[in-house]
>>> print(open('input-v4.cif').read())   # mmCIF, C-alpha atoms (C1' of nucleotides)
data_upload
loop_
_atom_site.label_atom_id
_atom_site.label_comp_id
_atom_site.auth_asym_id
_atom_site.auth_seq_id
_atom_site.Cartn_x
_atom_site.Cartn_y
_atom_site.Cartn_z
CA MET A 1 -68.99 -9.50 -39.38
CA LYS A 2 -65.66 -10.09 -37.73
CA TRP A 3 -65.33 -10.01 -33.98
CA THR A 4 -62.42 -7.60 -34.29
CA ASP A 5 -64.66 -5.07 -36.03
CA LEU A 6 -66.65 -4.51 -32.86
CA ASP A 7 -64.27 -1.82 -31.68
CA ASP A 8 -66.35 0.94 -33.23
CA ASN A 9 -69.76 -0.62 -32.68
CA TRP A 10 -72.57 1.68 -31.55
CA CYS A 11 -73.04 -0.45 -28.42
CA PRO A 12 -70.75 0.16 -25.44
CA VAL A 13 -71.05 -3.48 -24.37
CA ALA A 14 -69.73 -4.56 -27.77
CA ARG A 15 -66.90 -2.02 -27.70
CA THR A 16 -65.86 -3.20 -24.25
CA LEU A 17 -65.97 -6.85 -25.28
CA SER A 18 -63.78 -6.09 -28.27
CA LEU A 19 -61.07 -5.38 -25.67
CA VAL A 20 -61.71 -7.96 -22.96
CA GLY A 21 -64.14 -10.41 -24.53
CA ASP A 22 -61.64 -12.89 -25.90
CA ARG A 23 -60.98 -16.21 -24.22
CA TRP A 24 -58.72 -15.96 -21.13
CA THR A 25 -58.58 -12.16 -21.02
CA LEU A 26 -60.98 -11.73 -18.12
CA LEU A 27 -59.23 -14.50 -16.21
CA ILE A 28 -55.98 -12.58 -16.48
CA LEU A 29 -57.75 -9.52 -15.12
CA ARG A 30 -59.17 -11.64 -12.31
CA ASP A 31 -55.60 -12.64 -11.41
CA CYS A 32 -54.56 -9.00 -11.40
CA PHE A 33 -57.30 -8.30 -8.87
CA LEU A 34 -55.95 -11.21 -6.83
CA GLY A 35 -52.57 -9.52 -6.70
CA MET A 36 -50.72 -11.34 -9.45
CA SER A 37 -48.56 -9.35 -11.83
CA ARG A 38 -46.11 -11.64 -13.64
CA PHE A 39 -46.16 -13.58 -16.86
CA ASP A 40 -45.60 -17.00 -15.31
CA GLN A 41 -48.20 -16.36 -12.63
CA PHE A 42 -50.82 -15.63 -15.26
CA ALA A 43 -49.86 -18.66 -17.30
CA ASP A 44 -49.88 -21.00 -14.29
CA SER A 45 -53.01 -19.60 -12.74
CA THR A 46 -55.25 -19.36 -15.76
CA GLY A 47 -53.97 -22.41 -17.62
CA ALA A 48 -53.77 -20.44 -20.86
CA THR A 49 -50.74 -21.14 -23.04
CA ARG A 50 -47.78 -18.77 -22.89
CA HIS A 51 -48.61 -17.80 -26.44
CA ILE A 52 -52.03 -16.58 -25.41
CA VAL A 53 -50.85 -14.93 -22.21
CA SER A 54 -48.34 -13.01 -24.29
CA ASP A 55 -50.98 -11.86 -26.76
CA ARG A 56 -53.50 -10.87 -24.11
CA LEU A 57 -51.04 -8.93 -21.97
CA LYS A 58 -49.91 -7.01 -25.03
CA ARG A 59 -53.45 -6.08 -25.92
CA LEU A 60 -54.44 -5.17 -22.38
CA VAL A 61 -51.47 -2.84 -22.20
CA GLU A 62 -52.35 -1.30 -25.57
CA ALA A 63 -55.89 -0.79 -24.30
CA GLY A 64 -54.63 1.03 -21.23
CA ILE A 65 -56.09 -1.59 -18.91
CA LEU A 66 -52.74 -2.88 -17.63
CA GLU A 67 -49.46 -1.06 -17.29
CA LYS A 68 -46.18 -2.80 -18.00
CA SER A 69 -43.15 -1.81 -16.01
CA ALA A 70 -39.74 -3.26 -15.22
CA TYR A 71 -39.27 -4.65 -11.75
CA SER A 72 -35.69 -5.71 -12.52
CA ASP A 73 -33.15 -4.21 -14.89
CA ARG A 74 -30.60 -7.02 -15.10
CA PRO A 75 -31.97 -9.26 -16.23
CA LYS A 76 -34.86 -7.24 -17.67
CA ARG A 77 -38.07 -8.41 -16.05
CA TYR A 78 -41.50 -6.88 -16.35
CA GLU A 79 -44.68 -6.87 -14.36
CA TYR A 80 -48.23 -5.97 -15.28
CA VAL A 81 -50.46 -3.92 -13.01
CA LEU A 82 -54.03 -2.66 -13.35
CA THR A 83 -54.39 0.96 -14.34
CA GLU A 84 -57.19 3.09 -12.97
CA ARG A 85 -59.47 2.21 -15.84
CA GLY A 86 -58.43 -1.42 -15.42
CA GLN A 87 -59.55 -1.33 -11.78
CA GLU A 88 -62.96 -0.33 -13.03
CA PHE A 89 -63.56 -3.85 -14.30
CA ALA A 90 -64.10 -4.92 -10.71
CA PRO A 91 -67.92 -4.66 -10.93
CA ALA A 92 -68.01 -6.92 -13.99
CA LEU A 93 -65.79 -9.57 -12.41
CA ILE A 94 -67.77 -9.44 -9.19
CA ALA A 95 -70.97 -9.94 -11.18
CA PHE A 96 -69.55 -13.04 -12.88
CA ARG A 97 -68.19 -14.33 -9.59
CA ASP A 98 -71.53 -13.94 -7.87
CA TRP A 99 -73.40 -15.56 -10.73
CA GLY A 100 -71.06 -18.53 -10.69
CA LYS A 101 -71.18 -18.96 -6.94
CA LYS A 102 -74.95 -18.94 -7.04
CA HIS A 103 -75.62 -21.04 -10.12
CA LEU A 104 -72.58 -23.22 -10.73
CA PRO A 105 -71.51 -25.14 -7.64
CA VAL A 106 -68.32 -27.17 -8.24
CA ARG A 107 -69.01 -30.80 -9.08
CA ARG A 108 -65.66 -32.48 -8.49
CA PRO A 109 -63.64 -30.22 -6.22
CA THR A 110 -60.07 -29.53 -7.29
CA GLN A 111 -57.76 -32.14 -5.71
CA ALA A 112 -54.49 -30.65 -4.45
CA MET B 1 -55.33 -26.26 -20.60
CA LYS B 2 -58.32 -26.07 -22.86
CA TRP B 3 -60.88 -23.34 -22.46
CA THR B 4 -63.65 -25.90 -22.38
CA ASP B 5 -62.11 -27.50 -19.28
CA LEU B 6 -62.93 -24.44 -17.20
CA ASP B 7 -66.39 -25.76 -16.38
CA ASP B 8 -65.18 -27.40 -13.17
CA ASN B 9 -62.57 -24.82 -12.26
CA TRP B 10 -62.30 -23.82 -8.60
CA CYS B 11 -63.00 -20.21 -9.56
CA PRO B 12 -66.61 -19.11 -10.03
CA VAL B 13 -65.55 -16.47 -12.55
CA ALA B 14 -63.92 -19.16 -14.68
CA ARG B 15 -66.94 -21.46 -14.40
CA THR B 16 -69.23 -18.66 -15.46
CA LEU B 17 -67.02 -17.72 -18.40
CA SER B 18 -67.01 -21.33 -19.56
CA LEU B 19 -70.72 -20.76 -20.27
CA VAL B 20 -70.85 -17.18 -21.51
CA GLY B 21 -67.24 -16.25 -22.18
CA ASP B 22 -67.06 -17.20 -25.84
CA ARG B 23 -67.14 -14.61 -28.58
CA TRP B 24 -70.66 -13.27 -29.34
CA THR B 25 -72.40 -15.01 -26.45
CA LEU B 26 -72.72 -11.94 -24.23
CA LEU B 27 -73.92 -9.88 -27.19
CA ILE B 28 -76.74 -12.35 -27.70
CA LEU B 29 -77.64 -11.97 -24.03
CA ARG B 30 -77.50 -8.19 -24.43
CA ASP B 31 -80.06 -8.50 -27.24
CA CYS B 32 -82.28 -10.61 -25.04
CA PHE B 33 -82.25 -7.83 -22.46
CA LEU B 34 -83.18 -5.43 -25.27
CA GLY B 35 -86.26 -7.52 -25.98
CA MET B 36 -85.10 -9.61 -28.91
CA SER B 37 -85.94 -13.27 -29.00
CA ARG B 38 -85.56 -14.63 -32.52
CA PHE B 39 -82.75 -16.23 -34.50
CA ASP B 40 -82.66 -13.65 -37.27
CA GLN B 41 -82.79 -10.79 -34.82
CA PHE B 42 -79.72 -12.09 -33.04
CA ALA B 43 -77.87 -12.69 -36.29
CA ASP B 44 -78.73 -9.24 -37.68
CA SER B 45 -78.12 -7.36 -34.45
CA THR B 46 -74.86 -8.93 -33.34
CA GLY B 47 -73.34 -9.49 -36.77
CA ALA B 48 -72.33 -13.03 -35.83
CA THR B 49 -72.74 -15.67 -38.52
CA ARG B 50 -75.85 -17.86 -38.45
CA HIS B 51 -73.56 -20.77 -37.69
CA ILE B 52 -72.37 -19.11 -34.51
CA VAL B 53 -75.79 -17.86 -33.49
CA SER B 54 -77.03 -21.42 -33.80
CA ASP B 55 -74.22 -22.79 -31.66
CA ARG B 56 -74.53 -20.13 -28.97
CA LEU B 57 -78.29 -20.38 -28.63
CA LYS B 58 -78.01 -24.13 -28.25
CA ARG B 59 -75.45 -23.79 -25.49
CA LEU B 60 -77.30 -21.03 -23.68
CA VAL B 61 -80.41 -23.20 -23.63
CA GLU B 62 -78.40 -26.19 -22.37
CA ALA B 63 -76.98 -23.97 -19.64
CA GLY B 64 -80.45 -22.92 -18.55
CA ILE B 65 -79.77 -19.29 -19.38
CA LEU B 66 -82.28 -19.08 -22.23
CA GLU B 67 -85.47 -21.00 -22.75
CA LYS B 68 -86.54 -22.13 -26.20
CA SER B 69 -90.22 -22.30 -26.97
CA ALA B 70 -92.42 -22.42 -30.05
CA TYR B 71 -94.25 -19.23 -30.92
CA SER B 72 -95.78 -20.82 -34.03
CA ASP B 73 -96.70 -24.42 -34.74
CA ARG B 74 -97.06 -24.33 -38.51
CA PRO B 75 -94.56 -23.59 -39.60
CA LYS B 76 -92.59 -24.50 -36.47
CA ARG B 77 -90.89 -21.36 -35.21
CA TYR B 78 -89.02 -20.89 -31.98
CA GLU B 79 -88.07 -18.00 -29.77
CA TYR B 80 -85.48 -17.67 -27.05
CA VAL B 81 -86.19 -15.93 -23.78
CA LEU B 82 -84.10 -15.30 -20.68
CA THR B 83 -84.76 -17.62 -17.75
CA GLU B 84 -84.58 -16.36 -14.20
CA ARG B 85 -80.92 -17.24 -13.92
CA GLY B 86 -80.38 -15.67 -17.32
CA GLN B 87 -81.87 -12.41 -16.05
CA GLU B 88 -79.20 -12.42 -13.39
CA PHE B 89 -76.56 -11.54 -15.95
CA ALA B 90 -77.93 -8.02 -15.94
CA PRO B 91 -75.33 -6.70 -13.46
CA ALA B 92 -72.47 -8.03 -15.60
CA LEU B 93 -73.82 -6.47 -18.79
CA ILE B 94 -74.50 -3.20 -17.04
CA ALA B 95 -70.92 -3.20 -15.77
CA PHE B 96 -69.57 -3.66 -19.30
CA ARG B 97 -71.94 -1.06 -20.68
CA ASP B 98 -70.89 1.48 -18.08
CA TRP B 99 -67.21 0.78 -18.63
CA GLY B 100 -67.59 1.20 -22.37
CA LYS B 101 -69.60 4.41 -22.09
CA LYS B 102 -67.00 5.87 -19.81
CA HIS B 103 -63.80 4.73 -21.47
CA LEU B 104 -64.58 4.00 -25.11
CA PRO B 105 -66.37 6.87 -26.84
CA VAL B 106 -67.28 6.01 -30.45
CA ARG B 107 -64.75 7.34 -32.95
CA ARG B 108 -66.58 7.19 -36.26
CA PRO B 109 -70.29 7.11 -35.46
CA THR B 110 -72.31 4.45 -37.25
CA GLN B 111 -73.70 5.95 -40.46
CA ALA B 112 -77.28 4.84 -41.17
"C1'" DT C 1 -14.84 -21.67 -16.06
"C1'" DG C 2 -18.88 -24.26 -16.59
"C1'" DC C 3 -23.48 -26.22 -15.44
"C1'" DA C 4 -28.00 -25.80 -13.74
"C1'" DC C 5 -31.75 -22.75 -13.10
"C1'" DT C 6 -35.14 -18.71 -13.55
"C1'" DA C 7 -38.28 -15.43 -15.93
"C1'" DA C 8 -40.25 -13.84 -19.90
"C1'" DG C 9 -41.13 -14.51 -24.10
"C1'" DT C 10 -41.07 -16.51 -29.18
"C1'" DT C 11 -41.64 -20.17 -32.62
"C1'" DC C 12 -43.74 -24.07 -34.83
"C1'" DC C 13 -47.30 -27.30 -35.98
"C1'" DA C 14 -51.72 -29.57 -35.42
"C1'" DA C 15 -56.44 -29.04 -33.91
"C1'" DA C 16 -60.44 -26.27 -33.08
"C1'" DT C 17 -63.29 -22.07 -34.12
"C1'" DA C 18 -64.92 -18.38 -36.82
"C1'" DA C 19 -66.28 -15.97 -41.35
"C1'" DG C 20 -69.01 -15.88 -45.40
"C1'" DA C 21 -71.95 -17.59 -48.65
"C1'" DA C 22 -75.12 -20.91 -50.38
"C1'" DC C 23 -78.53 -24.34 -49.49
"C1'" DT C 24 -82.72 -26.68 -47.07
"C1'" DT C 25 -87.14 -27.16 -44.94
"C1'" DT C 26 -91.75 -25.72 -43.91
"C1'" DC C 27 -95.12 -23.25 -44.53
"C1'" DA C 28 -98.05 -18.50 -45.93
"C1'" DT C 29 -99.58 -15.36 -49.43
"C1'" DG C 30 -100.85 -13.60 -53.96
"C1'" DC D 1 -97.77 -22.14 -59.06
"C1'" DA D 2 -94.22 -18.59 -57.89
"C1'" DT D 3 -92.36 -15.72 -54.27
"C1'" DG D 4 -90.94 -14.98 -49.86
"C1'" DA D 5 -90.05 -15.50 -44.73
"C1'" DA D 6 -87.95 -17.86 -40.64
"C1'" DA D 7 -84.81 -20.90 -38.73
"C1'" DG D 8 -81.39 -23.51 -39.36
"C1'" DT D 9 -77.58 -26.54 -41.79
"C1'" DT D 10 -73.64 -27.26 -44.82
"C1'" DC D 11 -69.39 -26.19 -47.04
"C1'" DT D 12 -64.88 -23.97 -47.68
"C1'" DT D 13 -61.45 -20.92 -46.26
"C1'" DA D 14 -59.25 -18.01 -42.75
"C1'" DT D 15 -58.10 -17.11 -38.02
"C1'" DT D 16 -57.32 -18.70 -33.15
"C1'" DT D 17 -56.00 -21.97 -29.85
"C1'" DG D 18 -53.32 -25.72 -27.56
"C1'" DG D 19 -49.02 -27.91 -26.55
"C1'" DA D 20 -44.36 -28.40 -26.61
"C1'" DA D 21 -39.85 -26.86 -27.60
"C1'" DC D 22 -36.65 -23.17 -28.06
"C1'" DT D 23 -34.42 -18.44 -27.02
"C1'" DT D 24 -32.47 -14.72 -24.37
"C1'" DA D 25 -30.28 -12.66 -20.55
"C1'" DG D 26 -28.91 -13.18 -16.74
"C1'" DT D 27 -27.87 -15.47 -11.42
"C1'" DG D 28 -25.86 -18.81 -8.22
"C1'" DC D 29 -23.00 -22.00 -7.08
"C1'" DA D 30 -19.00 -25.77 -7.19
#
>>> encode(input="input-v4.cif", output="structure tokens")
Amino acid sequence: MKWTDLDDNWCPVARTLSLVGDRWTLLILRDCFLGMSRFDQFADSTGATRHIVSDRLKRLVEAGILEKSAYSDRPKRYEYVLTERGQEFAPALIAFRDWGKKHLPVRRPTQA
Amino acid sequence: MKWTDLDDNWCPVARTLSLVGDRWTLLILRDCFLGMSRFDQFADSTGATRHIVSDRLKRLVEAGILEKSAYSDRPKRYEYVLTERGQEFAPALIAFRDWGKKHLPVRRPTQA
DNA sequence: TGCACTAAGTTCCAAATAAGAACTTTCATG
DNA sequence: CATGAAAGTTCTTATTTGGAACTTAGTGCA
């Protein structure tokens, strides 16, 4: 079975993952919760390629998890902000954060 | 940046996702919470290929999230059970389940 | 006018993963 | 001895990712 066919799975966990379960997607949402909203911020912060950031933002907008709106008209510039249903991913991200803090201490701390 | 380099990221969400953020992995954990423990059960239930189930189980065991043990000696047969730290993914799965139940009602219900 | 610079993407190619089916190994049962 | 189950492995093809370069539509000087 293809991953993309999970969208109409009987299981709500599977249906949710069909939207946010791809690589990098949840890290982009994490950045949204940290106040980021622009393309370059997501690319720099997550480390995902621009190609992937572009794909994920498009799909998150289509899923109604992020909202895209212009913050400048000339030149046209857009920003991405969590919708109400997007905000409701907070519990999931907090759960992952807590698990990581408890079970995965950093080995070699990030140097500057 | 490669996805696999997230294991020593400063962010605990990223470190956690480097272990369980690949496609199918969280669905296998879901099945563990539903009481499943065998290779074929995971393959049938998730729909992932045997190749992927094999890879994910190996990595979950290496990460200390599942424990592999023999339930039969002849022929040798193994089962996979959540460790204590594995059990602690419950809040994350519950968060995804709740989000899906609330925001993603099934369109065409699974027919038999 | 012209040059450098910014933000937000898109495009292209090579490398890594996933999908699907068939095959293997080790027994148990009839 | 033939059939079948469980747990993987192997093989080939299709889809995704990773990395770098390129594009578009301006802005800010000098």
>>> resolve_selection(input="input-v4.cif", expression="the PyMOL selection byres ((chain C and resi 25) around 10)", output="JSON, numbers by chain")
{"B": [75], "C": [24, 26, 27], "D": [7, 8]}
>>> residues_around(input="input-v4.cif", residues="Ala92 (chain A)", least_positions_apart="3", cutoff="6 Å", atoms="only C-alpha atoms (C1' of nucleotides)", output="NGL selection string")
(:A and (89 or 95)) or (:B and (92 or 95))
>>> resolve_selection(input="input-v4.cif", expression="the PyMOL selection byres ((chain C and resi 11) around 8)", output="number ranges by chain")
C: 10, 12; D: 22
>>> closest_residue(input="input-v4.cif", among="A:Asp40, A:Leu93, A:Leu57, A:Val13", to="Leu27 (chain B)", atoms="only C-alpha atoms")
A:Val13
>>> resolve_selection(input="input-v4.cif", expression="the PyMOL selection byres ((chain C) within 12 of (chain B))", output="count of residues only")
11
>>> atom_distance(input="input-v4.cif", atom1="CA of Val61 (chain B)", atom2="CA of Lys102 (chain A)")
18.0 Å
>>> residues_near_point(input="input-v4.cif", point="(-77.1, -11.7, -29.8)", cutoff="6 Å", atoms="only C-alpha atoms (C1' of nucleotides)", output="PDB file with C-alpha atoms, in the coordinates of the input")
ATOM      1  CA  LEU B  27     -73.920  -9.880 -27.190  1.00  0.00           C
ATOM      2  CA  ILE B  28     -76.740 -12.350 -27.700  1.00  0.00           C
ATOM      3  CA  LEU B  29     -77.640 -11.970 -24.030  1.00  0.00           C
ATOM      4  CA  ASP B  31     -80.060  -8.500 -27.240  1.00  0.00           C
ATOM      5  CA  PHE B  42     -79.720 -12.090 -33.040  1.00  0.00           C
ATOM      6  CA  THR B  46     -74.860  -8.930 -33.340  1.00  0.00           C
TER       7      THR B  46
END
>>> closest_residue(input="input-v4.cif", among="B:Ala63, B:Asn9, B:Arg30, B:Ser72", to="chain D", atoms="only C-alpha atoms (C1' of nucleotides)")
B:Ser72
>>> residues_near_point(input="input-v4.cif", point="(-86.1, -13.9, -37.1)", cutoff="12 Å", atoms="all atoms listed in the file", output="ChimeraX atom specification")
/B:36-45,50,53,71,77-80 /D:5-8
>>> atom_distance(input="input-v4.cif", atom1="CA of Asp7 (chain B)", atom2="CA of Thr83 (chain B)")
20.1 Å
>>> closest_residue(input="input-v4.cif", among="B:Leu104, B:Ala14, B:Leu26, B:Ala90", to="Arg56 (chain B)", atoms="all atoms listed in the file")
B:Leu26
>>> atom_distance(input="input-v4.cif", atom1="CA of Gly35 (chain B)", atom2="CA of Glu88 (chain B)")
15.2 Å
>>> interface_residues(input="input-v4.cif", of="chain D", to="chain A", cutoff="8 Å", atoms="only C-alpha atoms (C1' of nucleotides)", output="MDAnalysis selection string")
chainID D and resid 18:19 25:26
>>> closest_atom_pairs(input="input-v4.cif", of="chain A", to="chain B", cutoff="6 Å", atoms="only C-alpha atoms", output="CSV")
residue,atom,partner,partner_atom,distance
A:Met1,CA,B:Gly47,CA,5.1
A:Asp8,CA,B:Val106,CA,5.9
A:Pro12,CA,B:Gly100,CA,4.5
A:Val13,CA,B:Arg97,CA,4.5
A:Thr16,CA,B:Gly100,CA,5.1
A:Gly47,CA,B:Met1,CA,5.1
A:Pro91,CA,B:Ala95,CA,5.9
A:Ala92,CA,B:Ala92,CA,4.9
A:Ala95,CA,B:Ala92,CA,5.0
A:Phe96,CA,B:Val13,CA,5.3
A:Arg97,CA,B:Val13,CA,4.5
A:Gly100,CA,B:Pro12,CA,4.5
A:Lys101,CA,B:Pro12,CA,5.5
A:Val106,CA,B:Asp8,CA,5.8
>>> write_last_selection(input="input-v4.cif", atoms="C-alpha atoms", output="short mmCIF file (atom, residue, chain, number, x, y, z; two decimals), in the frame of the given file")
data_model
loop_
_atom_site.label_atom_id
_atom_site.label_comp_id
_atom_site.auth_asym_id
_atom_site.auth_seq_id
_atom_site.Cartn_x
_atom_site.Cartn_y
_atom_site.Cartn_z
CA MET A 1 -68.99 -9.50 -39.38
CA ASP A 8 -66.35 0.94 -33.23
CA PRO A 12 -70.75 0.16 -25.44
CA VAL A 13 -71.05 -3.48 -24.37
CA THR A 16 -65.86 -3.20 -24.25
CA GLY A 47 -53.97 -22.41 -17.62
CA PRO A 91 -67.92 -4.66 -10.93
CA ALA A 92 -68.01 -6.92 -13.99
CA ALA A 95 -70.97 -9.94 -11.18
CA PHE A 96 -69.55 -13.04 -12.88
CA ARG A 97 -68.19 -14.33 -9.59
CA GLY A 100 -71.06 -18.53 -10.69
CA LYS A 101 -71.18 -18.96 -6.94
CA VAL A 106 -68.32 -27.17 -8.24
#
>>> axis_aligned_box(input="input-v4.cif", around="region 98-106 of chain A", padding_each_side="8 Å", output="lines of an AutoDock Vina configuration file")
center_x = -72.0
center_y = -20.6
center_z = -8.8
size_x = 23.3
size_y = 29.2
size_z = 19.8
>>> residues_around(input="input-v4.cif", residues="DA30 (chain D)", least_positions_apart="5", cutoff="12 Å", atoms="all atoms listed in the file", output="list in words")
DT1, DG2, DC3 and DA4 of chain C
